[in-house]
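Q: Please find query_7.txt (compact mmCIF, C-alpha atoms) on the next line:
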# COMPACT_ATOMS: atom_id res chain seq x y z
CA MET A 1 -28.45 32.59 -80.62
CA THR A 2 -30.12 35.96 -81.13
CA MET A 3 -31.69 38.31 -78.67
CA ALA A 4 -35.15 39.73 -79.09
CA ALA A 5 -35.39 43.49 -79.59
CA ALA A 6 -36.06 45.42 -76.39
CA PRO A 7 -39.06 47.71 -76.11
CA ALA A 8 -38.39 51.32 -77.03
CA GLY A 9 -38.63 52.74 -73.48
CA SER A 10 -36.69 50.08 -71.57
CA ALA A 11 -33.35 50.56 -69.84
CA ILE A 12 -31.66 48.13 -72.20
CA SER A 13 -32.50 50.15 -75.28
CA ALA A 14 -31.60 53.43 -73.54
CA GLY A 15 -27.87 52.93 -73.85
CA ARG A 16 -25.26 50.34 -74.46
CA GLY A 17 -27.03 47.69 -72.47
CA GLY A 18 -28.58 47.49 -69.06
CA VAL A 19 -27.77 49.36 -65.91
CA PHE A 20 -24.13 49.96 -66.83
CA GLY A 21 -25.12 51.48 -70.14
CA ALA A 22 -27.57 53.81 -68.43
CA LEU A 23 -24.90 54.77 -65.87
CA SER A 24 -22.43 55.41 -68.66
CA ASP A 25 -24.96 57.64 -70.41
CA ILE A 26 -25.59 59.61 -67.21
CA LEU A 27 -21.85 60.14 -66.65
CA TRP A 28 -21.37 61.14 -70.30
CA ARG A 29 -24.11 63.76 -70.11
CA ASN A 30 -22.95 65.14 -66.73
CA PRO A 31 -19.19 65.80 -66.83
CA ARG A 32 -19.31 67.62 -63.48
CA LEU A 33 -20.78 64.53 -61.82
CA THR A 34 -17.98 62.48 -63.38
CA LEU A 35 -15.44 64.96 -62.06
CA VAL A 36 -16.91 64.82 -58.55
CA LEU A 37 -16.92 61.01 -58.58
CA MET A 38 -13.33 60.90 -59.81
CA LEU A 39 -12.02 63.43 -57.29
CA THR A 40 -13.87 62.17 -54.22
CA PRO A 41 -11.59 59.18 -53.35
CA PRO A 42 -8.27 61.09 -53.52
CA LEU A 43 -9.73 64.05 -51.64
CA LEU A 44 -11.06 61.73 -48.94
CA TRP A 45 -7.62 60.14 -48.75
CA LEU A 46 -6.02 63.57 -48.45
CA GLY A 47 -8.50 64.68 -45.83
CA ILE A 48 -8.35 61.59 -43.66
CA ILE A 49 -4.74 60.47 -43.90
CA TYR A 50 -2.75 63.63 -44.56
CA LEU A 51 -4.77 66.31 -42.80
CA GLY A 52 -5.76 63.88 -40.04
CA SER A 53 -2.13 63.12 -39.24
CA LEU A 54 -1.28 66.83 -39.27
CA PHE A 55 -4.17 67.49 -36.89
CA ALA A 56 -2.99 64.67 -34.59
CA LEU A 57 0.50 66.19 -34.61
CA LEU A 58 -0.95 69.58 -33.71
CA LEU A 59 -2.88 68.06 -30.81
CA GLN A 60 0.21 66.29 -29.53
CA SER A 61 2.13 69.56 -29.55
CA PHE A 62 0.02 70.71 -26.61
CA PHE A 63 1.35 67.85 -24.43
CA SER A 64 4.62 68.09 -22.52
CA ILE A 65 7.41 65.66 -21.71
CA ASP A 66 8.40 64.96 -18.12
CA GLU A 67 12.07 65.91 -17.85
CA TYR A 68 12.84 63.27 -15.22
CA SER A 69 11.19 60.17 -16.72
CA GLY A 70 10.90 61.20 -20.39
CA LEU A 71 7.26 60.15 -20.45
CA ILE A 72 4.56 62.17 -22.16
CA ASN A 73 2.44 64.22 -19.78
CA ARG A 74 -1.02 64.24 -21.40
CA GLU A 75 -2.26 67.48 -19.87
CA PHE A 76 -3.02 70.54 -21.99
CA THR A 77 -0.10 72.97 -21.79
CA LEU A 78 1.66 75.63 -23.86
CA SER A 79 5.11 74.80 -22.47
CA THR A 80 6.25 73.32 -25.78
CA TYR A 81 5.56 76.62 -27.49
CA ALA A 82 7.23 78.52 -24.64
CA GLU A 83 10.40 76.53 -25.41
CA LEU A 84 10.43 78.12 -28.87
CA LEU A 85 10.91 81.56 -27.34
CA LYS A 86 14.28 80.72 -25.77
CA PRO A 87 17.16 82.67 -27.39
CA ALA A 88 18.93 79.56 -28.71
CA ASN A 89 15.78 78.34 -30.44
CA ILE A 90 15.00 81.76 -31.92
CA ASP A 91 18.52 81.85 -33.37
CA ILE A 92 17.97 78.42 -34.95
CA ILE A 93 14.60 79.48 -36.37
CA VAL A 94 16.03 82.70 -37.87
CA ARG A 95 19.01 80.90 -39.45
CA THR A 96 16.78 78.16 -40.85
CA LEU A 97 14.38 80.67 -42.41
CA ALA A 98 17.25 82.74 -43.84
CA MET A 99 18.91 79.66 -45.29
CA SER A 100 15.72 78.30 -46.85
CA ALA A 101 14.87 81.71 -48.33
CA SER A 102 18.35 82.09 -49.85
CA VAL A 103 18.25 78.57 -51.33
CA THR A 104 14.80 79.24 -52.81
CA VAL A 105 15.85 82.56 -54.35
CA GLY A 106 19.09 81.05 -55.67
CA ALA A 107 17.27 78.10 -57.22
CA ALA A 108 14.76 80.43 -58.86
CA ILE A 109 17.53 82.63 -60.27
CA ILE A 110 19.20 79.59 -61.80
CA ALA A 111 16.12 77.57 -62.78
CA PHE A 112 13.87 80.13 -64.48
CA PRO A 113 16.30 81.13 -67.25
CA ILE A 114 17.14 77.47 -67.94
CA ALA A 115 13.46 76.52 -68.05
CA TYR A 116 12.64 79.47 -70.30
CA PHE A 117 15.42 78.58 -72.72
CA ALA A 118 14.45 74.88 -72.72
CA ALA A 119 10.79 75.65 -73.39
CA ARG A 120 11.23 78.51 -75.85
CA TYR A 121 14.40 77.99 -77.87
CA ALA A 122 15.75 74.45 -77.45
CA ARG A 123 14.98 72.05 -80.31
CA GLY A 124 15.60 68.40 -81.05
CA LYS A 125 18.39 66.74 -79.12
CA TRP A 126 19.00 69.79 -76.94
CA LYS A 127 15.37 69.85 -75.80
CA ALA A 128 15.63 66.14 -74.92
CA MET A 129 18.83 66.82 -72.99
CA PHE A 130 17.18 69.60 -71.02
CA TYR A 131 14.20 67.38 -70.16
CA LEU A 132 16.51 64.55 -69.17
CA GLY A 133 18.61 66.91 -67.05
CA ILE A 134 15.50 68.12 -65.26
CA MET A 135 13.84 64.74 -64.76
CA LEU A 136 16.88 62.61 -63.87
CA PRO A 137 17.31 63.97 -60.32
CA LEU A 138 13.62 63.33 -59.68
CA TRP A 139 13.94 59.73 -60.88
CA SER A 140 17.09 59.08 -58.86
CA SER A 141 15.21 59.15 -55.55
CA TYR A 142 12.97 56.35 -56.82
CA LEU A 143 16.00 54.36 -57.94
CA VAL A 144 17.55 54.71 -54.49
CA LYS A 145 14.30 53.52 -52.87
CA VAL A 146 14.08 50.50 -55.18
CA TYR A 147 17.69 49.59 -54.45
CA ALA A 148 17.09 49.95 -50.70
CA TRP A 149 14.04 47.66 -50.82
CA LYS A 150 16.04 45.19 -52.90
CA LEU A 151 18.68 45.11 -50.17
CA ILE A 152 16.10 44.78 -47.40
CA LEU A 153 14.24 41.92 -49.09
CA ALA A 154 17.32 40.04 -50.34
CA ARG A 155 18.14 36.55 -49.10
CA GLU A 156 20.99 38.01 -47.03
CA GLY A 157 18.99 41.16 -46.22
CA ILE A 158 18.07 42.59 -42.86
CA LEU A 159 14.50 41.30 -42.99
CA ASN A 160 15.57 37.65 -43.36
CA TRP A 161 18.21 38.20 -40.68
CA LEU A 162 15.50 39.48 -38.32
CA PHE A 163 13.21 36.54 -39.10
CA ALA A 164 16.09 34.12 -38.48
CA LYS A 165 16.73 35.73 -35.08
CA LEU A 166 13.03 35.44 -34.21
CA HIS A 167 12.95 31.80 -35.43
Take the structure from the file and write it as structure tokens.
A:
Amino acid sequence: MTMAAAPAGSAISAGRGGVFGALSDILWRNPRLTLVLMLTPPLLWLGIIYLGSLFALLLQSFFSIDEYSGLINREFTLSTYAELLKPANIDIIVRTLAMSASVTVGAAIIAFPIAYFAARYARGKWKAMFYLGIMLPLWSSYLVKVYAWKLILAREGILNWLFAKLH
């Protein structure tokens, strides 16, 4: 079965075929539009889920907790921030900042020369070993998560135990 030729000015002859062909042509000619359409969903996700949860956390920081009952008192107050100014909390904040700064500087002192050598001078097997040595710790967290989910979802796992208790 053959198709008849489309008129010269129709949408079918404009591109690869029909509406999708015309849309493909528009996206091909406008790379910025393609970029905007590709970045919109992740940026919306970031804005709604991540920044929204941070904003909710910020709003909740202006509530206080009743010391007697432990319930949240939903009246606007700065008492949570006043707690930060107690000497014990200031000591904790200073030690935490000093520790995180020293770990960051120490990691940079160790990591930058290794990265420079791996990128500039290492060849062949040594370059592969450097890449493996850098990537392996990052992969290990995923392996631990997979193993944990395997234990949770196993026949003798905690999830089946919970379902058995709930009948």
Q: So how far away is CA of Thr77 in chain A from CA of Ser61 in chain A, in Å?
A: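 These two atoms are separated by 8.8 Å.
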Q: What does the structure give for the distance between CA of Ile110 in chain A and CA of Met135 in chain A, in Å to one decimal?
A: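 Spanning CA of Ile110 in chain A to CA of Met135 in chain A is a straight-line distance of 16.1 Å.
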Q: Expressed in Å to a single decimal, how great is the separation between CA of Tyr116 in chain A and CA of Ala101 in chain A?
A: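 Separation of CA of Tyr116 in chain A and CA of Ala101 in chain A: 22.2 Å.
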Q: Using only C-alpha atoms for the distances, tell me which of A:Ile114, A:Leu78, A:Leu46, A:Leu97 is nearest to Leu59 in chain A.
A: A:Leu78
Q: Please determine, counting all atoms listed in the file, which residue among A:Ala115, A:Val146, A:Leu39, A:Ala56 has the shortest atom-to-atom distance to Ile134 in chain A.
A: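 Selected residue with least distance to Ile134 in chain A: A:Ala115.
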Q: Do you know which residues are at most 9 Å from Glu75 in chain A counting all atoms listed in the file, after dropping those on the same chain fewer than 5 positions away, and could you put them as a list of chain:residue names?
A: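 Result of the neighbour search: A:Phe62, A:Phe63, A:Ser64.
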Q: Can you fill out range 125-149 of chain A with N, CA and C atoms and hand it back as a PDB file, in the frame of the given file?
A:
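Writing done, so here's out_10.pdb:
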ATOM      1  N   LYS A 125      17.594  67.423 -80.141  1.00  0.00           N
ATOM      2  CA  LYS A 125      18.390  66.740 -79.120  1.00  0.00           C
ATOM      3  C   LYS A 125      18.613  67.607 -77.882  1.00  0.00           C
ATOM      4  N   TRP A 126      18.773  68.904 -78.082  1.00  0.00           N
ATOM      5  CA  TRP A 126      19.000  69.790 -76.940  1.00  0.00           C
ATOM      6  C   TRP A 126      17.787  69.844 -76.027  1.00  0.00           C
ATOM      7  N   LYS A 127      16.589  69.850 -76.617  1.00  0.00           N
ATOM      8  CA  LYS A 127      15.370  69.850 -75.800  1.00  0.00           C
ATOM      9  C   LYS A 127      15.285  68.557 -74.988  1.00  0.00           C
ATOM     10  N   ALA A 128      15.620  67.434 -75.630  1.00  0.00           N
ATOM     11  CA  ALA A 128      15.630  66.140 -74.920  1.00  0.00           C
ATOM     12  C   ALA A 128      16.656  66.145 -73.798  1.00  0.00           C
ATOM     13  N   MET A 129      17.805  66.750 -74.029  1.00  0.00           N
ATOM     14  CA  MET A 129      18.830  66.820 -72.990  1.00  0.00           C
ATOM     15  C   MET A 129      18.375  67.671 -71.805  1.00  0.00           C
ATOM     16  N   PHE A 130      17.706  68.781 -72.107  1.00  0.00           N
ATOM     17  CA  PHE A 130      17.180  69.600 -71.020  1.00  0.00           C
ATOM     18  C   PHE A 130      16.140  68.837 -70.201  1.00  0.00           C
ATOM     19  N   TYR A 131      15.219  68.158 -70.881  1.00  0.00           N
ATOM     20  CA  TYR A 131      14.200  67.380 -70.160  1.00  0.00           C
ATOM     21  C   TYR A 131      14.841  66.285 -69.336  1.00  0.00           C
ATOM     22  N   LEU A 132      15.821  65.606 -69.911  1.00  0.00           N
ATOM     23  CA  LEU A 132      16.510  64.550 -69.170  1.00  0.00           C
ATOM     24  C   LEU A 132      17.251  65.126 -67.963  1.00  0.00           C
ATOM     25  N   GLY A 133      17.895  66.270 -68.155  1.00  0.00           N
ATOM     26  CA  GLY A 133      18.610  66.910 -67.050  1.00  0.00           C
ATOM     27  C   GLY A 133      17.698  67.369 -65.929  1.00  0.00           C
ATOM     28  N   ILE A 134      16.462  67.694 -66.275  1.00  0.00           N
ATOM     29  CA  ILE A 134      15.500  68.120 -65.260  1.00  0.00           C
ATOM     30  C   ILE A 134      14.865  66.929 -64.561  1.00  0.00           C
ATOM     31  N   MET A 135      14.557  65.879 -65.324  1.00  0.00           N
ATOM     32  CA  MET A 135      13.840  64.740 -64.760  1.00  0.00           C
ATOM     33  C   MET A 135      14.741  63.731 -64.050  1.00  0.00           C
ATOM     34  N   LEU A 136      15.994  63.628 -64.447  1.00  0.00           N
ATOM     35  CA  LEU A 136      16.880  62.610 -63.870  1.00  0.00           C
ATOM     36  C   LEU A 136      17.038  62.724 -62.362  1.00  0.00           C
ATOM     37  N   PRO A 137      17.232  63.913 -61.793  1.00  0.00           N
ATOM     38  CA  PRO A 137      17.310  63.970 -60.320  1.00  0.00           C
ATOM     39  C   PRO A 137      16.014  63.531 -59.639  1.00  0.00           C
ATOM     40  N   LEU A 138      14.886  63.764 -60.279  1.00  0.00           N
ATOM     41  CA  LEU A 138      13.620  63.330 -59.680  1.00  0.00           C
ATOM     42  C   LEU A 138      13.506  61.803 -59.714  1.00  0.00           C
ATOM     43  N   TRP A 139      13.994  61.187 -60.769  1.00  0.00           N
ATOM     44  CA  TRP A 139      13.940  59.730 -60.880  1.00  0.00           C
ATOM     45  C   TRP A 139      14.937  59.062 -59.953  1.00  0.00           C
ATOM     46  N   SER A 140      16.044  59.727 -59.648  1.00  0.00           N
ATOM     47  CA  SER A 140      17.090  59.080 -58.860  1.00  0.00           C
ATOM     48  C   SER A 140      16.607  58.718 -57.465  1.00  0.00           C
ATOM     49  N   SER A 141      15.715  59.506 -56.878  1.00  0.00           N
ATOM     50  CA  SER A 141      15.210  59.150 -55.550  1.00  0.00           C
ATOM     51  C   SER A 141      14.433  57.840 -55.595  1.00  0.00           C
ATOM     52  N   TYR A 142      13.686  57.618 -56.689  1.00  0.00           N
ATOM     53  CA  TYR A 142      12.970  56.350 -56.820  1.00  0.00           C
ATOM     54  C   TYR A 142      13.942  55.193 -57.018  1.00  0.00           C
ATOM     55  N   LEU A 143      15.010  55.419 -57.759  1.00  0.00           N
ATOM     56  CA  LEU A 143      16.000  54.360 -57.940  1.00  0.00           C
ATOM     57  C   LEU A 143      16.654  53.989 -56.625  1.00  0.00           C
ATOM     58  N   VAL A 144      16.947  54.976 -55.794  1.00  0.00           N
ATOM     59  CA  VAL A 144      17.550  54.710 -54.490  1.00  0.00           C
ATOM     60  C   VAL A 144      16.574  53.905 -53.621  1.00  0.00           C
ATOM     61  N   LYS A 145      15.286  54.257 -53.665  1.00  0.00           N
ATOM     62  CA  LYS A 145      14.300  53.520 -52.870  1.00  0.00           C
ATOM     63  C   LYS A 145      14.173  52.072 -53.338  1.00  0.00           C
ATOM     64  N   VAL A 146      14.161  51.864 -54.648  1.00  0.00           N
ATOM     65  CA  VAL A 146      14.080  50.500 -55.180  1.00  0.00           C
ATOM     66  C   VAL A 146      15.293  49.690 -54.760  1.00  0.00           C
ATOM     67  N   TYR A 147      16.473  50.283 -54.847  1.00  0.00           N
ATOM     68  CA  TYR A 147      17.690  49.590 -54.450  1.00  0.00           C
ATOM     69  C   TYR A 147      17.665  49.267 -52.955  1.00  0.00           C
ATOM     70  N   ALA A 148      17.163  50.192 -52.142  1.00  0.00           N
ATOM     71  CA  ALA A 148      17.090  49.950 -50.700  1.00  0.00           C
ATOM     72  C   ALA A 148      16.138  48.793 -50.394  1.00  0.00           C
ATOM     73  N   TRP A 149      14.971  48.768 -51.047  1.00  0.00           N
ATOM     74  CA  TRP A 149      14.040  47.660 -50.820  1.00  0.00           C
ATOM     75  C   TRP A 149      14.626  46.342 -51.314  1.00  0.00           C
TER      76      TRP A 149
END
